[in-house]
Each structure stands twice: as structure tokens, then as C-alpha cells.
>>> print(open('model23.cif').read())   # mmCIF, C-alpha atoms
data_final
#
loop_
_atom_site.label_atom_id
_atom_site.label_comp_id
_atom_site.auth_asym_id
_atom_site.auth_seq_id
_atom_site.Cartn_x
_atom_site.Cartn_y
_atom_site.Cartn_z
CA MET E 1 86.70 79.38 92.03
CA TYR E 2 89.41 80.25 94.52
CA LEU E 3 90.74 83.71 95.37
CA PRO E 4 94.22 84.55 96.65
CA HIS E 5 94.55 84.78 100.42
CA THR E 6 94.31 88.28 101.84
CA ASP E 7 98.04 88.17 102.69
CA ALA E 8 99.14 86.81 99.29
CA HIS E 9 101.68 88.85 97.31
CA TYR E 10 99.94 91.32 95.04
CA SER E 11 101.43 89.66 91.95
CA GLN E 12 99.16 86.64 92.48
CA ARG E 13 96.13 88.84 91.90
CA VAL E 14 97.78 90.42 88.89
CA ARG E 15 98.46 87.05 87.26
CA PHE E 16 94.96 85.86 88.12
CA GLY E 17 93.40 89.04 86.70
CA ILE E 18 95.35 88.87 83.45
CA TYR E 19 94.27 85.27 82.92
CA LEU E 20 90.62 85.99 83.74
CA SER E 21 90.51 89.05 81.48
CA ARG E 22 91.87 87.06 78.56
CA ARG E 23 89.31 84.30 79.04
CA LEU E 24 86.52 86.86 79.19
CA ARG E 25 87.64 88.52 75.97
CA PHE E 26 87.91 85.16 74.26
CA ALA E 27 84.25 84.60 75.21
CA LYS E 28 83.36 88.06 73.79
CA MET E 29 82.49 89.39 77.27
CA ASP E 30 84.48 92.58 76.82
CA SER E 31 82.57 94.70 79.36
CA LEU E 32 83.40 92.26 82.16
CA ALA E 33 87.01 92.13 80.96
CA VAL E 34 87.34 95.92 81.07
CA ASP E 35 86.27 95.99 84.72
CA ILE E 36 88.76 93.24 85.59
CA ASP E 37 91.50 95.10 83.70
CA LYS E 38 90.81 98.21 85.77
CA VAL E 39 91.07 96.60 89.20
CA THR E 40 94.03 94.45 88.12
CA GLY E 41 95.86 97.51 86.81
CA ASP E 42 95.24 99.33 90.09
CA VAL E 43 96.71 96.43 92.05
CA LYS E 44 99.73 96.19 89.76
CA LEU E 45 100.54 99.91 89.82
CA THR E 46 100.05 100.27 93.57
CA GLY E 47 101.99 97.09 94.30
CA ARG E 48 104.91 98.31 92.22
CA ALA E 49 104.79 101.66 94.02
CA VAL E 50 105.03 99.83 97.35
CA GLU E 51 108.08 97.93 96.14
CA ASP E 52 109.69 101.11 94.81
CA ALA E 53 109.02 102.86 98.12
CA MET E 54 110.92 100.15 99.98
CA GLU E 55 114.18 101.05 98.24
CA PRO E 56 114.69 104.43 99.97
CA VAL E 57 113.72 102.81 103.28
CA GLN E 58 116.53 100.28 102.91
CA ASN E 59 119.01 102.93 101.71
CA LEU E 60 118.26 105.22 104.63
CA MET E 61 118.46 102.37 107.13
CA ALA E 62 121.92 101.65 105.73
CA ASP E 63 122.88 105.33 106.07
CA ARG E 64 121.60 105.49 109.65
CA ASP E 65 123.50 102.35 110.62
CA ALA E 66 126.65 103.55 108.88
CA TYR E 67 126.62 106.78 110.89
CA ASP E 68 125.95 104.75 114.03
CA ALA E 69 129.03 102.65 113.26
CA GLU E 70 131.11 105.80 112.75
CA LEU E 71 130.00 107.15 116.12
CA ASP E 72 130.84 103.85 117.80
CA PHE E 73 134.27 103.83 116.14
CA ALA E 74 134.95 107.35 117.40
CA ALA E 75 134.06 106.32 120.97
CA GLN E 76 136.14 103.16 120.77
CA SER E 77 139.13 105.04 119.37
CA ALA E 78 138.90 107.64 122.15
CA ARG E 79 138.64 104.91 124.80
CA HIS E 80 141.69 103.15 123.36
CA ASP E 81 143.76 106.35 123.27
CA LEU E 82 142.79 107.44 126.78
CA ALA E 83 143.29 103.97 128.25
CA GLY E 84 146.80 103.86 126.83
CA ARG E 85 148.01 107.04 128.48
CA SER E 86 149.14 105.28 131.64
CA LEU E 87 149.10 101.86 133.28
CA ASP E 88 146.19 102.82 135.53
CA ALA E 89 144.44 105.22 133.15
CA VAL E 90 141.14 103.31 133.23
CA LYS E 91 141.00 103.70 137.01
CA THR E 92 141.72 107.42 137.09
CA GLU E 93 140.56 110.69 135.63
CA PRO E 94 139.73 111.78 132.97
CA TYR E 95 138.91 108.24 131.78
CA LYS E 96 136.56 107.49 134.68
CA SER E 97 134.41 110.56 134.13
CA ILE E 98 134.25 110.18 130.37
CA PHE E 99 133.42 106.46 130.41
CA HIS E 100 131.50 106.57 133.66
CA LYS E 101 129.22 103.71 132.61
CA SER E 102 131.66 101.88 130.32
CA ILE E 103 132.06 102.17 126.56
CA GLY E 104 128.88 100.17 126.04
CA TYR E 105 126.80 103.03 127.43
CA TYR E 106 127.55 104.82 124.15
CA THR E 107 128.14 102.05 121.61
CA ALA E 108 125.14 99.94 122.68
CA ALA E 109 122.71 102.84 123.07
CA PRO E 110 119.12 102.12 121.95
CA LEU E 111 118.15 103.92 118.76
CA ASP E 112 116.02 106.45 120.62
CA GLN E 113 118.95 107.22 122.96
CA GLU E 114 121.68 107.45 120.33
CA ASN E 115 121.56 111.21 119.98
CA THR E 116 121.29 111.90 123.72
CA ARG E 117 124.14 109.63 124.75
CA TYR E 118 126.59 110.79 122.09
CA GLN E 119 125.78 114.40 122.90
CA GLU E 120 126.62 113.50 126.48
CA PHE E 121 129.83 111.82 125.33
CA ALA E 122 130.95 114.97 123.53
CA SER E 123 130.09 117.07 126.59
CA ARG E 124 132.09 114.79 128.88
CA LEU E 125 135.08 114.98 126.56
CA GLU E 126 134.91 118.78 126.63
CA ALA E 127 134.42 118.90 130.41
CA ASN E 128 137.28 116.57 131.25
CA LEU E 129 139.96 117.22 128.61
CA PRO E 130 141.83 120.44 127.80
CA PRO E 131 140.72 122.33 124.66
CA THR E 132 143.94 121.40 122.87
CA ASP E 133 143.85 117.71 123.76
CA ALA E 134 144.15 115.68 120.55
CA VAL E 135 141.55 113.11 121.61
CA ARG E 136 139.05 115.80 122.54
CA VAL E 137 139.54 117.74 119.29
CA SER E 138 139.32 114.79 116.91
CA THR E 139 136.61 112.89 118.77
CA VAL E 140 134.24 115.80 119.36
CA LYS E 141 134.56 116.72 115.69
CA ALA E 142 133.80 113.13 114.66
CA VAL E 143 130.86 112.88 117.05
CA MET E 144 129.28 116.13 115.89
CA ALA E 145 129.64 115.15 112.23
CA GLY E 146 128.32 111.66 112.96
CA LEU E 147 125.31 112.96 114.85
CA GLU E 148 124.44 115.40 112.09
CA GLY E 149 124.47 112.62 109.54
CA TYR E 150 122.67 110.21 111.85
CA ASN E 151 119.86 112.63 112.66
CA THR E 152 119.43 113.59 109.00
CA ALA E 153 119.18 109.91 108.04
CA VAL E 154 116.70 109.16 110.85
CA LYS E 155 114.45 112.05 109.83
CA ALA E 156 114.48 110.97 106.19
CA LEU E 157 113.93 107.35 107.18
CA ASP E 158 110.85 108.27 109.19
CA ALA E 159 109.42 110.06 106.15
CA ALA E 160 110.25 107.17 103.83
CA ARG E 161 108.61 104.68 106.18
CA ALA E 162 105.50 106.84 106.44
CA ASN E 163 105.24 106.95 102.65
CA HIS E 164 105.73 103.19 102.42
CA ASN E 165 103.02 102.60 105.03
CA MET E 166 100.61 104.92 103.20
CA LEU E 167 101.16 103.02 99.95
CA ASN E 168 100.64 99.71 101.73
CA THR E 169 97.26 100.99 102.89
CA LYS E 170 96.39 101.93 99.30
CA LEU E 171 97.46 98.49 98.13
CA ASP E 172 95.23 96.82 100.72
CA ALA E 173 92.30 98.87 99.42
CA ALA E 174 93.14 98.04 95.79
CA MET E 175 93.32 94.32 96.54
CA ASP E 176 90.03 94.46 98.42
CA ALA E 177 88.41 96.16 95.42
CA TRP E 178 89.93 93.50 93.16
CA ASP E 179 88.47 90.70 95.31
CA ARG E 180 85.03 92.27 95.21
CA GLN E 181 85.14 92.74 91.43
CA VAL E 182 86.21 89.15 90.82
CA GLU E 183 83.40 87.91 93.07
CA LYS E 184 80.90 90.05 91.12
CA THR E 185 82.28 88.75 87.84
CA TYR E 186 81.88 85.20 89.08
CA GLY E 187 78.25 85.88 89.93
CA ALA E 188 77.60 87.50 86.56
CA LEU E 189 79.11 84.54 84.75
CA VAL E 190 77.10 82.03 86.75
CA ALA E 191 73.92 83.85 85.76
CA GLU E 192 75.03 83.93 82.11
CA VAL E 193 76.55 80.49 81.47
CA GLY E 194 76.02 78.42 84.63
CA ARG E 195 78.37 77.39 87.41
CA ALA E 196 80.18 74.56 85.60
CA ARG E 197 81.23 76.69 82.62
CA THR E 198 82.00 79.67 84.88
CA GLU E 199 84.66 77.66 86.72
CA LEU E 200 86.54 77.27 83.43
CA PHE E 201 87.16 81.03 83.26
CA PHE E 202 89.31 81.02 86.41
CA PRO E 203 92.86 79.70 86.91
CA LYS E 204 93.64 77.00 89.42
CA SER E 205 95.67 78.40 92.27
CA ALA E 206 97.78 77.51 95.28
CA SER E 207 97.32 79.22 98.64
CA ARG E 208 93.75 80.24 98.03
CA ARG E 209 90.74 80.64 100.22
CA PRO E 210 87.64 78.83 98.89
CA ARG E 211 84.39 80.60 98.21
CA LYS E 212 81.67 79.88 100.75
CA ALA E 213 80.16 76.36 100.58
CA GLN E 214 83.03 75.08 98.45
CA GLY E 215 85.58 72.35 99.13
CA PRO E 216 89.15 72.47 100.45
CA VAL E 217 91.92 74.52 98.90
CA GLU E 218 93.84 72.78 96.13
CA ASP E 219 97.63 72.57 96.29
CA THR E 220 98.47 73.53 92.72
CA ASP E 221 100.70 75.98 90.93
CA PRO E 222 99.03 79.44 90.65
CA THR E 223 100.02 79.65 86.98
CA ASP E 224 98.48 76.31 85.99
#
>>> encode(input="model23.cif", output="C-alpha cells")
Amino acid sequence: MYLPHTDAHYSQRVRFGIYLSRRLRFAKMDSLAVDIDKVTGDVKLTGRAVEDAMEPVQNLMADRDAYDAELDFAAQSARHDLAGRSLDAVKTEPYKSIFHKSIGYYTAAPLDQENTRYQEFASRLEANLPPTDAVRVSTVKAVMAGLEGYNTAVKALDAARANHNMLNTKLDAAMDAWDRQVEKTYGALVAEVGRARTELFFPKSASRRPRKAQGPVEDTDPTD
């Protein structure tokens, strides 16, 4: 009898458990089947919860990156407008003070520096351009709106990731309980019908770790 590897997708245990439960019921060993149904159901429900919890993580990552792109576009648009004000605009003020470390200082900011650097960008626009300057007005507005959305998405993403991690921990525990129950069922069957007949209750499987003192892993389809 071979069990799924510890890092196998949870669905392998679910398929294995369904098969084993059916074979046990066919042999009129309902009490063993009930215990297998319980641990298999726990793995299935928790595994599905993990998958469902990944959806908001992906959505919020997309939101965060979309706001990041909007912030970068605002900086690039401001740089383009300011650079076009004169032939030597990029070598003089206010361009030099606003883009003191080049446009990449803002657009290539690490995630943990995004908020700080764009706050600085808005402050430099306000310090170096008149209050009525069109670039200052439109860009500061865009940066403030972008940062609000970005920070909201980051906060929600952190919470979604924490929930996903918590569910992954629960899934690990459910799969460990499943492994232990299948091992116990194997032992109970050996005592009841012998090792040779016991092996017939379990599906052949790919990517499995052998029980102690058994041979190499077989390369077969897990649903065979």
C-alpha cells in the first residue's frame, strides 16, 4: 500500500479515500469506511477552502498592481510634461528637484517603498511648482487617489494572505490526520484478512511514498 507524498495535491487523498471507502463498504466493513469518510471529507472541505481563499489573493494582487501602474503613469506623464517645457528643462529647475534621482526612483520603487516615494513625489511637486500649475494640480490629485487605492489594496491583500496561510495550515493537519487514519485502517485490515487481501482494498498510485520495508514506488496512474 502506497500513500500520497506529503506535498501531493489534496485531491489525490480525496480520490484515494473515496476508493478505499467504497471497497470497505463492499466488504461490509462499514465502521472502517465511516472513519475514512470523515478524514476524507475533512481534507476535501479544507482543500476547497484553500482554493477559494486564493481567489481574493489574486484579485487583490491585481488591484494593487493596477494602482501601482496608475501611479507610475502619473509620474511618467508629469515627467513628460515638465521635460517638454523648454529645450533644457531636464537640466534646470523645477525638473531637477522633482526628479532628483530620475523617474525610476518612483516608478521602480520596491513594494515596501511605494507609499513613501510617491508621498515624496507629491511633496516635491508641491514644493517646486506653483499652486495653479496644471502638472502639479493633476498629478498630485492622481498620486493621492492612487496611493489611497494602493494602500487599501495592500491592507486587504495582507489579510487575504493571512487567511490563506491559516487555511493551508489546517489543510496540512487534515492531510496528516488522513494519513494516520489510512495507516490504522491498513493495520486493522491486515489483522482481519491478511496482508495479501488487504492490498486489494487500496488503489495503485503514482507519486507515492512506500510504507516501511516495502519496495520502490510504482509509476502508475493514481486512478487505476
>>> residues_around(input="model23.cif", residues="E:His80", least_positions_apart="6", cutoff="12 Å", atoms="all atoms listed in the file", output="list in words")
Phe73, Ala74, Ser86, Ala89, Val90, Tyr95, Phe99, Ile103, Val135 and Thr139 of chain E
>>> closest_residue(input="model23.cif", among="E:Tyr150, E:Phe121, E:Phe26, E:Trp178", to="E:Lys44", atoms="all atoms listed in the file")
E:Trp178
>>> closest_residue(input="model23.cif", among="E:Met61, E:Val43, E:Ala134, E:Met175", to="E:Leu82", atoms="all atoms listed in the file")
E:Ala134
>>> closest_residue(input="model23.cif", among="E:Ala156, E:Ala33, E:Val143, E:Leu189", to="E:Glu70", atoms="all atoms listed in the file")
E:Val143
>>> resolve_selection(input="model23.cif", expression="the PyMOL selection byres ((chain E and resi 164) around 10)", output="list of chain:residue names")
E:Ala49, E:Val50, E:Glu51, E:Asp52, E:Ala53, E:Met54, E:Glu55, E:Pro56, E:Val57, E:Asp158, E:Ala159, E:Ala160, E:Arg161, E:Ala162, E:Asn163, E:Asn165, E:Met166, E:Leu167, E:Asn168, E:Thr169, E:Lys170
>>> residues_around(input="model23.cif", residues="stretch 15-21 of chain E", least_positions_apart="3", cutoff="6 Å", atoms="only C-alpha atoms", output="VMD selection string")
chain E and resid 12 24 33 40 202
>>> atom_distance(input="model23.cif", atom1="atom CA of E:Gly187", atom2="atom CA of E:Ala27")
15.9 Å
>>> atom_distance(input="model23.cif", atom1="atom CA of E:Val140", atom2="atom CA of E:Gln58")
28.7 Å
>>> residues_around(input="model23.cif", residues="E:Gln119", least_positions_apart="2", cutoff="12 Å", atoms="all atoms listed in the file", output="ChimeraX atom specification")
/E:71,75,106,109,113-117,121-126,139-148,151
>>> closest_residue(input="model23.cif", among="E:Met29, E:Val34, E:Leu171, E:Ala69", to="E:Glu192", atoms="all atoms listed in the file")
E:Met29
>>> closest_residue(input="model23.cif", among="E:Asp35, E:Leu87, E:Tyr186, E:Asp112", to="E:Phe201", atoms="only C-alpha atoms")
E:Tyr186
>>> closest_residue(input="model23.cif", among="E:Ala8, E:Ala108, E:Ala173, E:Leu200", to="E:Arg23", atoms="only C-alpha atoms")
E:Leu200
>>> atom_distance(input="model23.cif", atom1="atom CA of E:Arg25", atom2="atom CA of E:Lys204")
18.7 Å
>>> build_atoms(input="model23.cif", residues="stretch 34-63 of chain E", atoms="N, CA and C atoms", output="PDB file, in the frame of the given file")
ATOM      1  N   VAL E  34      86.881  94.540  80.811  1.00  0.00           N
ATOM      2  CA  VAL E  34      87.340  95.920  81.070  1.00  0.00           C
ATOM      3  C   VAL E  34      87.360  96.196  82.575  1.00  0.00           C
ATOM      4  N   ASP E  35      86.329  95.759  83.274  1.00  0.00           N
ATOM      5  CA  ASP E  35      86.270  95.990  84.720  1.00  0.00           C
ATOM      6  C   ASP E  35      87.382  95.225  85.440  1.00  0.00           C
ATOM      7  N   ILE E  36      87.673  94.011  84.985  1.00  0.00           N
ATOM      8  CA  ILE E  36      88.760  93.240  85.590  1.00  0.00           C
ATOM      9  C   ILE E  36      90.108  93.897  85.283  1.00  0.00           C
ATOM     10  N   ASP E  37      90.258  94.398  84.050  1.00  0.00           N
ATOM     11  CA  ASP E  37      91.500  95.100  83.700  1.00  0.00           C
ATOM     12  C   ASP E  37      91.743  96.291  84.618  1.00  0.00           C
ATOM     13  N   LYS E  38      90.668  97.010  84.938  1.00  0.00           N
ATOM     14  CA  LYS E  38      90.810  98.210  85.770  1.00  0.00           C
ATOM     15  C   LYS E  38      91.304  97.862  87.161  1.00  0.00           C
ATOM     16  N   VAL E  39      90.668  96.912  87.825  1.00  0.00           N
ATOM     17  CA  VAL E  39      91.070  96.600  89.200  1.00  0.00           C
ATOM     18  C   VAL E  39      92.433  95.900  89.220  1.00  0.00           C
ATOM     19  N   THR E  40      92.728  95.112  88.184  1.00  0.00           N
ATOM     20  CA  THR E  40      94.030  94.450  88.120  1.00  0.00           C
ATOM     21  C   THR E  40      95.133  95.478  87.900  1.00  0.00           C
ATOM     22  N   GLY E  41      94.875  96.448  87.032  1.00  0.00           N
ATOM     23  CA  GLY E  41      95.860  97.510  86.810  1.00  0.00           C
ATOM     24  C   GLY E  41      96.118  98.318  88.070  1.00  0.00           C
ATOM     25  N   ASP E  42      95.064  98.583  88.832  1.00  0.00           N
ATOM     26  CA  ASP E  42      95.240  99.330  90.090  1.00  0.00           C
ATOM     27  C   ASP E  42      96.119  98.559  91.065  1.00  0.00           C
ATOM     28  N   VAL E  43      95.885  97.248  91.159  1.00  0.00           N
ATOM     29  CA  VAL E  43      96.710  96.430  92.050  1.00  0.00           C
ATOM     30  C   VAL E  43      98.161  96.411  91.592  1.00  0.00           C
ATOM     31  N   LYS E  44      98.362  96.250  90.298  1.00  0.00           N
ATOM     32  CA  LYS E  44      99.730  96.190  89.760  1.00  0.00           C
ATOM     33  C   LYS E  44     100.485  97.490  90.004  1.00  0.00           C
ATOM     34  N   LEU E  45      99.864  98.618  89.676  1.00  0.00           N
ATOM     35  CA  LEU E  45     100.540  99.910  89.820  1.00  0.00           C
ATOM     36  C   LEU E  45     100.829 100.227  91.293  1.00  0.00           C
ATOM     37  N   THR E  46      99.845  99.969  92.153  1.00  0.00           N
ATOM     38  CA  THR E  46     100.050 100.270  93.570  1.00  0.00           C
ATOM     39  C   THR E  46     101.061  99.316  94.185  1.00  0.00           C
ATOM     40  N   GLY E  47     101.015  98.046  93.782  1.00  0.00           N
ATOM     41  CA  GLY E  47     101.990  97.090  94.300  1.00  0.00           C
ATOM     42  C   GLY E  47     103.410  97.458  93.902  1.00  0.00           C
ATOM     43  N   ARG E  48     103.573  97.889  92.664  1.00  0.00           N
ATOM     44  CA  ARG E  48     104.910  98.310  92.220  1.00  0.00           C
ATOM     45  C   ARG E  48     105.370  99.557  92.976  1.00  0.00           C
ATOM     46  N   ALA E  49     104.437 100.448  93.257  1.00  0.00           N
ATOM     47  CA  ALA E  49     104.790 101.660  94.020  1.00  0.00           C
ATOM     48  C   ALA E  49     105.252 101.291  95.424  1.00  0.00           C
ATOM     49  N   VAL E  50     104.614 100.286  96.027  1.00  0.00           N
ATOM     50  CA  VAL E  50     105.030  99.830  97.350  1.00  0.00           C
ATOM     51  C   VAL E  50     106.450  99.287  97.291  1.00  0.00           C
ATOM     52  N   GLU E  51     106.736  98.486  96.271  1.00  0.00           N
ATOM     53  CA  GLU E  51     108.080  97.930  96.140  1.00  0.00           C
ATOM     54  C   GLU E  51     109.111  99.026  95.909  1.00  0.00           C
ATOM     55  N   ASP E  52     108.766 100.002  95.059  1.00  0.00           N
ATOM     56  CA  ASP E  52     109.690 101.110  94.810  1.00  0.00           C
ATOM     57  C   ASP E  52     109.942 101.921  96.078  1.00  0.00           C
ATOM     58  N   ALA E  53     108.892 102.063  96.899  1.00  0.00           N
ATOM     59  CA  ALA E  53     109.020 102.860  98.120  1.00  0.00           C
ATOM     60  C   ALA E  53     109.872 102.165  99.174  1.00  0.00           C
ATOM     61  N   MET E  54     110.075 100.853  99.028  1.00  0.00           N
ATOM     62  CA  MET E  54     110.920 100.150  99.980  1.00  0.00           C
ATOM     63  C   MET E  54     112.399 100.445  99.754  1.00  0.00           C
ATOM     64  N   GLU E  55     112.778 100.798  98.533  1.00  0.00           N
ATOM     65  CA  GLU E  55     114.180 101.050  98.240  1.00  0.00           C
ATOM     66  C   GLU E  55     114.764 102.190  99.069  1.00  0.00           C
ATOM     67  N   PRO E  56     114.124 103.375  99.109  1.00  0.00           N
ATOM     68  CA  PRO E  56     114.690 104.430  99.970  1.00  0.00           C
ATOM     69  C   PRO E  56     114.687 104.062 101.442  1.00  0.00           C
ATOM     70  N   VAL E  57     113.726 103.252 101.888  1.00  0.00           N
ATOM     71  CA  VAL E  57     113.720 102.810 103.280  1.00  0.00           C
ATOM     72  C   VAL E  57     115.000 102.021 103.575  1.00  0.00           C
ATOM     73  N   GLN E  58     115.330 101.088 102.703  1.00  0.00           N
ATOM     74  CA  GLN E  58     116.530 100.280 102.910  1.00  0.00           C
ATOM     75  C   GLN E  58     117.797 101.130 102.817  1.00  0.00           C
ATOM     76  N   ASN E  59     117.836 102.067 101.852  1.00  0.00           N
ATOM     77  CA  ASN E  59     119.010 102.930 101.710  1.00  0.00           C
ATOM     78  C   ASN E  59     119.223 103.787 102.949  1.00  0.00           C
ATOM     79  N   LEU E  60     118.140 104.333 103.470  1.00  0.00           N
ATOM     80  CA  LEU E  60     118.260 105.220 104.630  1.00  0.00           C
ATOM     81  C   LEU E  60     118.554 104.439 105.906  1.00  0.00           C
ATOM     82  N   MET E  61     118.064 103.212 105.997  1.00  0.00           N
ATOM     83  CA  MET E  61     118.460 102.370 107.130  1.00  0.00           C
ATOM     84  C   MET E  61     119.961 102.110 107.089  1.00  0.00           C
ATOM     85  N   ALA E  62     120.482 101.872 105.892  1.00  0.00           N
ATOM     86  CA  ALA E  62     121.920 101.650 105.730  1.00  0.00           C
ATOM     87  C   ALA E  62     122.712 102.901 106.128  1.00  0.00           C
ATOM     88  N   ASP E  63     122.213 104.076 105.709  1.00  0.00           N
ATOM     89  CA  ASP E  63     122.880 105.330 106.070  1.00  0.00           C
ATOM     90  C   ASP E  63     122.871 105.530 107.590  1.00  0.00           C
TER      91      ASP E  63
END
